[in-house]
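See structure below.
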Amino acid sequence: MSDSDRRDSDHLNVAVVGAGTMGAGIAGVFAARGHDVSLYSRSRATLDTALDAIEARIGTDVGRVRVTTDLAECVSTADLVSENVVERLDLKREVFADLERLAPEHSLLTTNTSSVPITSIAEGLDRPERVVGLHWFNPPAVMPLVEVVRGASTDDRTVARVMSICAAIGKEVIEVRRDVPGFVINRLQYAMLREAIALVEAGVATIEDVDRAVETTLAPRWSASGPLRLMDLAGLDTVEKVSAVIMPELSTASGVPTIVSTLVADGALGAKSERGFYAWTPETIAAAVAERDETVRLLTDRRGAR
């Protein structure tokens, strides 16, 4: 067994670059699994907030997380690096150039981007083969799955090592074999979001009723079976007939939906500004987040018991 394989199957030194919501959450997941975590931000105040968030999630294991405003110190012994900076290609390229220079040769260099191509992030590096997308979902401690995304130069060994690490910390994993915008989950999600908004804008149904349709029918159905399995269960001959009627009528809009742009221009950013499609208060936000987290946990537990 090589040194890197031994690290993957045992203890890890994990460097998390960026200490916002996702960075703090990822740091907490690894710490809760017994790994030592170094968490980096340029801002000490951000690090303090992150430590509070981690402690609220995992309690005493926060002792496994050390914080630093020195990137070289953060990654100096890293077996795996998780980058979580702003979704800007120029910034990510700058960070990865530093990571390649500062991190050990064996380090896996992962990016938590949800939109920037992995291939573009790794472009210009001496060893782009060790760069891979490791896309987490919010909140990392609750959501059961991560996407491992190949860039054009990512090698098989890098993918295998990252997938092994993710399995060892209790995550389900899907491999995204081509570096397409949005990867798998966001492409599926935004296809539905586009149609949901189109139905509201066309006056077919209200915001509340579109949400209720998903929450009471599609969500529970899809929690039991994915869309392709459901098509098999429905019968592909039926799918063929229904597709002929519905597919030509679905939205094919390619830009940002007007209703979204209008709300954003008005400062209605959703829960963070306490108004968006809905009006929000601190109490309703907390209740919605708690319900989401508990629902995901229950569904995850049920899936694990199958």
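We name chains A, B, ... following the order of the structure tokens; residues begin at 1 in each chain, and ligands are numbered from 1 as shown.
Taking only range 90-278 of chain A, the residues that DSSP calls strand (DSSP E or B) from the backbone come to Leu108, Leu109, Thr110, Thr111, Val131, Val132, Gly133, Leu134, His135, Leu145, Val146, Glu147, Val148, Val149, Glu172, Val173, Ile174, Glu175, Val176, Gly270 and Arg275 of chain A.
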Which residues are close to range 178-182 of chain A, i.e. within 9 Å by only C-alpha atoms, leaving aside same-chain residues fewer than 6 positions away? Reply as a PyMOL selection string. chain A and resi 114-119+149-152+188+190
Which residues are close to range 154-169 of chain A, i.e. within 7 Å by only C-alpha atoms, leaving aside same-chain residues fewer than 6 positions away? Reply as a VMD selection string. chain A and resid 8 33 108 128 to 132
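Residues in contact range of Glu105 in chain A, defined as at most 12 Å between only C-alpha atoms, with sequence neighbours fewer than 6 positions away removed, read Asp3, Ser4, Val75, Ser76, Thr77, Ala78, Asp79, Leu80, Val81, Leu99, Asp126, Arg127, Glu129 and Arg130 of chain A.
Of the listed residues A:Val200, A:Leu134, A:Ile207, A:Cys74, the one whose atoms come nearest to Val176 in chain A is A:Leu134, with distances taken using only C-alpha atoms.
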Residues near range 273-284 of chain A, anyone? I mean within 8 Å using only C-alpha atoms, not counting same-chain ones fewer than 5 positions away, as a list in words.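 Listing them by chain and then by number gives Ile207, Leu263, Gly267 and Ala268 of chain A.
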Shell around Val67 in chain A at 8 Å using only C-alpha atoms, local window under 3 positions removed, as a PDB file with C-alpha atoms, in the first residue's frame:
ATOM      1  CA  SER A  38      -6.736  23.551   9.152  1.00  0.00           C
ATOM      2  CA  LEU A  39      -9.182  26.310   8.177  1.00  0.00           C
ATOM      3  CA  TYR A  40      -7.965  29.393   6.309  1.00  0.00           C
ATOM      4  CA  LEU A  47     -12.658  32.418  11.240  1.00  0.00           C
ATOM      5  CA  CYS A  74      -2.875  26.020   6.345  1.00  0.00           C
TER       6      CYS A  74
END
Give me the residues near Leu193 in chain A as an NGL selection string, where near means some atom within 12 Å (using only C-alpha atoms) and where sequence neighbours in that chain fewer than 4 positions away do not count. :A and (186-189 or 197-200 or 207 or 210-211 or 214 or 250-253 or 256-257 or 260)
Pick from A:Ala224, A:Arg44, A:Ala24, A:Gly18: nearest to Arg302 in chain A, with only C-alpha atoms counted?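 For Arg302 in chain A, the nearest of the given residues is A:Ala224.
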How far is it from CA of Leu71 in chain A to CA of Asn13 in chain A, in Å with one decimal?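 Straight-line distance from CA of Leu71 in chain A to CA of Asn13 in chain A works out to 14.5 Å.
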Which of range 52-270 of chain A DSSP labels alpha helix (DSSP H), written as a PyMOL selection string: chain A and resi 52-58+71-75+89-102+118-122+156-168+185-201+207-213+219-224+227-234+236-246+258-265
Go ahead and save the picked residues with C-alpha atoms, as a JSON list (two decimals), in the first residue's frame.
[["chain", "number", "residue", "atom", "x", "y", "z"],
["A", 52, "ASP", "CA", -18.85, 29.17, 16.35],
["A", 53, "ALA", "CA", -20.78, 27.50, 13.51],
["A", 54, "ILE", "CA", -18.66, 24.34, 13.70],
["A", 55, "GLU", "CA", -19.00, 24.13, 17.47],
["A", 56, "ALA", "CA", -22.77, 24.47, 17.16],
["A", 57, "ARG", "CA", -22.78, 21.52, 14.74],
["A", 58, "ILE", "CA", -20.26, 19.10, 16.21],
["A", 71, "LEU", "CA", -2.30, 30.05, 3.53],
["A", 72, "ALA", "CA", 1.13, 28.40, 3.58],
["A", 73, "GLU", "CA", 0.60, 27.31, 7.17],
["A", 74, "CYS", "CA", -2.87, 26.02, 6.34],
["A", 75, "VAL", "CA", -1.80, 23.67, 3.55],
["A", 89, "LEU", "CA", -12.31, 32.00, -12.29],
["A", 90, "ASP", "CA", -9.46, 34.52, -11.93],
["A", 91, "LEU", "CA", -9.48, 34.20, -8.14],
["A", 92, "LYS", "CA", -9.65, 30.41, -8.19],
["A", 93, "ARG", "CA", -6.75, 30.20, -10.65],
["A", 94, "GLU", "CA", -4.71, 32.45, -8.39],
["A", 95, "VAL", "CA", -5.52, 30.30, -5.35],
["A", 96, "PHE", "CA", -4.70, 27.05, -7.14],
["A", 97, "ALA", "CA", -1.38, 28.39, -8.35],
["A", 98, "ASP", "CA", -0.57, 29.06, -4.69],
["A", 99, "LEU", "CA", -1.88, 25.65, -3.61],
["A", 100, "GLU", "CA", 0.26, 23.83, -6.16],
["A", 101, "ARG", "CA", 3.31, 25.70, -4.91],
["A", 102, "LEU", "CA", 2.60, 25.43, -1.17],
["A", 118, "ILE", "CA", -12.64, 22.33, -13.33],
["A", 119, "THR", "CA", -10.62, 22.33, -16.55],
["A", 120, "SER", "CA", -10.40, 26.12, -16.52],
["A", 121, "ILE", "CA", -9.35, 26.24, -12.86],
["A", 122, "ALA", "CA", -6.51, 23.76, -13.49],
["A", 156, "ASP", "CA", -8.06, 8.20, -12.60],
["A", 157, "ARG", "CA", -6.00, 7.87, -9.43],
["A", 158, "THR", "CA", -7.05, 11.31, -8.19],
["A", 159, "VAL", "CA", -10.71, 10.50, -8.78],
["A", 160, "ALA", "CA", -10.41, 7.11, -7.06],
["A", 161, "ARG", "CA", -8.64, 8.58, -4.01],
["A", 162, "VAL", "CA", -11.19, 11.36, -3.55],
["A", 163, "MET", "CA", -14.12, 8.99, -3.96],
["A", 164, "SER", "CA", -12.57, 6.65, -1.38],
["A", 165, "ILE", "CA", -12.14, 9.50, 1.11],
["A", 166, "CYS", "CA", -15.73, 10.63, 0.62],
["A", 167, "ALA", "CA", -17.05, 7.11, 1.20],
["A", 168, "ALA", "CA", -14.93, 6.84, 4.35],
["A", 185, "ILE", "CA", -27.31, 18.03, -9.67],
["A", 186, "ASN", "CA", -27.44, 21.73, -10.51],
["A", 187, "ARG", "CA", -28.36, 20.94, -14.11],
["A", 188, "LEU", "CA", -31.28, 18.83, -12.90],
["A", 189, "GLN", "CA", -32.22, 21.44, -10.31],
["A", 190, "TYR", "CA", -32.14, 24.41, -12.67],
["A", 191, "ALA", "CA", -34.13, 22.57, -15.32],
["A", 192, "MET", "CA", -36.93, 22.30, -12.75],
["A", 193, "LEU", "CA", -36.44, 25.86, -11.50],
["A", 194, "ARG", "CA", -36.79, 27.16, -15.05],
["A", 195, "GLU", "CA", -40.09, 25.35, -15.54],
["A", 196, "ALA", "CA", -41.38, 26.33, -12.08],
["A", 197, "ILE", "CA", -40.76, 30.01, -12.81],
["A", 198, "ALA", "CA", -42.24, 29.69, -16.30],
["A", 199, "LEU", "CA", -45.47, 28.28, -14.82],
["A", 200, "VAL", "CA", -45.72, 31.19, -12.38],
["A", 201, "GLU", "CA", -44.89, 33.84, -14.98],
["A", 207, "ILE", "CA", -45.89, 30.46, -6.30],
["A", 208, "GLU", "CA", -47.40, 28.66, -3.33],
["A", 209, "ASP", "CA", -49.13, 26.01, -5.44],
["A", 210, "VAL", "CA", -46.04, 25.27, -7.55],
["A", 211, "ASP", "CA", -44.07, 24.72, -4.35],
["A", 212, "ARG", "CA", -46.86, 22.59, -2.89],
["A", 213, "ALA", "CA", -46.89, 20.43, -6.02],
["A", 219, "ALA", "CA", -40.25, 15.34, -3.71],
["A", 220, "PRO", "CA", -41.51, 12.21, -1.92],
["A", 221, "ARG", "CA", -41.68, 10.29, -5.19],
["A", 222, "TRP", "CA", -38.15, 11.26, -6.18],
["A", 223, "SER", "CA", -36.81, 10.49, -2.71],
["A", 224, "ALA", "CA", -37.75, 6.87, -3.38],
["A", 227, "PRO", "CA", -36.20, 10.06, -12.62],
["A", 228, "LEU", "CA", -34.82, 7.31, -14.85],
["A", 229, "ARG", "CA", -35.91, 4.55, -12.48],
["A", 230, "LEU", "CA", -39.35, 6.20, -12.29],
["A", 231, "MET", "CA", -39.62, 6.14, -16.07],
["A", 232, "ASP", "CA", -38.98, 2.41, -16.02],
["A", 233, "LEU", "CA", -41.64, 1.98, -13.33],
["A", 234, "ALA", "CA", -44.14, 4.07, -15.31],
["A", 236, "LEU", "CA", -41.29, 3.68, -21.31],
["A", 237, "ASP", "CA", -44.15, 3.34, -23.76],
["A", 238, "THR", "CA", -46.17, 5.67, -21.52],
["A", 239, "VAL", "CA", -43.20, 8.02, -21.18],
["A", 240, "GLU", "CA", -42.91, 8.12, -24.97],
["A", 241, "LYS", "CA", -46.57, 9.10, -25.41],
["A", 242, "VAL", "CA", -46.55, 11.74, -22.66],
["A", 243, "SER", "CA", -43.24, 13.16, -23.90],
["A", 244, "ALA", "CA", -44.76, 13.76, -27.32],
["A", 245, "VAL", "CA", -47.41, 15.99, -25.74],
["A", 246, "ILE", "CA", -45.45, 17.77, -22.98],
["A", 258, "THR", "CA", -37.42, 38.13, -15.59],
["A", 259, "ILE", "CA", -39.10, 37.62, -12.22],
["A", 260, "VAL", "CA", -35.75, 36.76, -10.63],
["A", 261, "SER", "CA", -33.95, 39.75, -12.16],
["A", 262, "THR", "CA", -36.75, 42.06, -11.03],
["A", 263, "LEU", "CA", -36.65, 40.80, -7.45],
["A", 264, "VAL", "CA", -32.86, 41.05, -7.27],
["A", 265, "ALA", "CA", -32.88, 44.60, -8.67]]
Between CA of Leu218 in chain A and CA of Gly133 in chain A, what is the spacing in Å?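 These atoms are spaced 28.8 Å apart.
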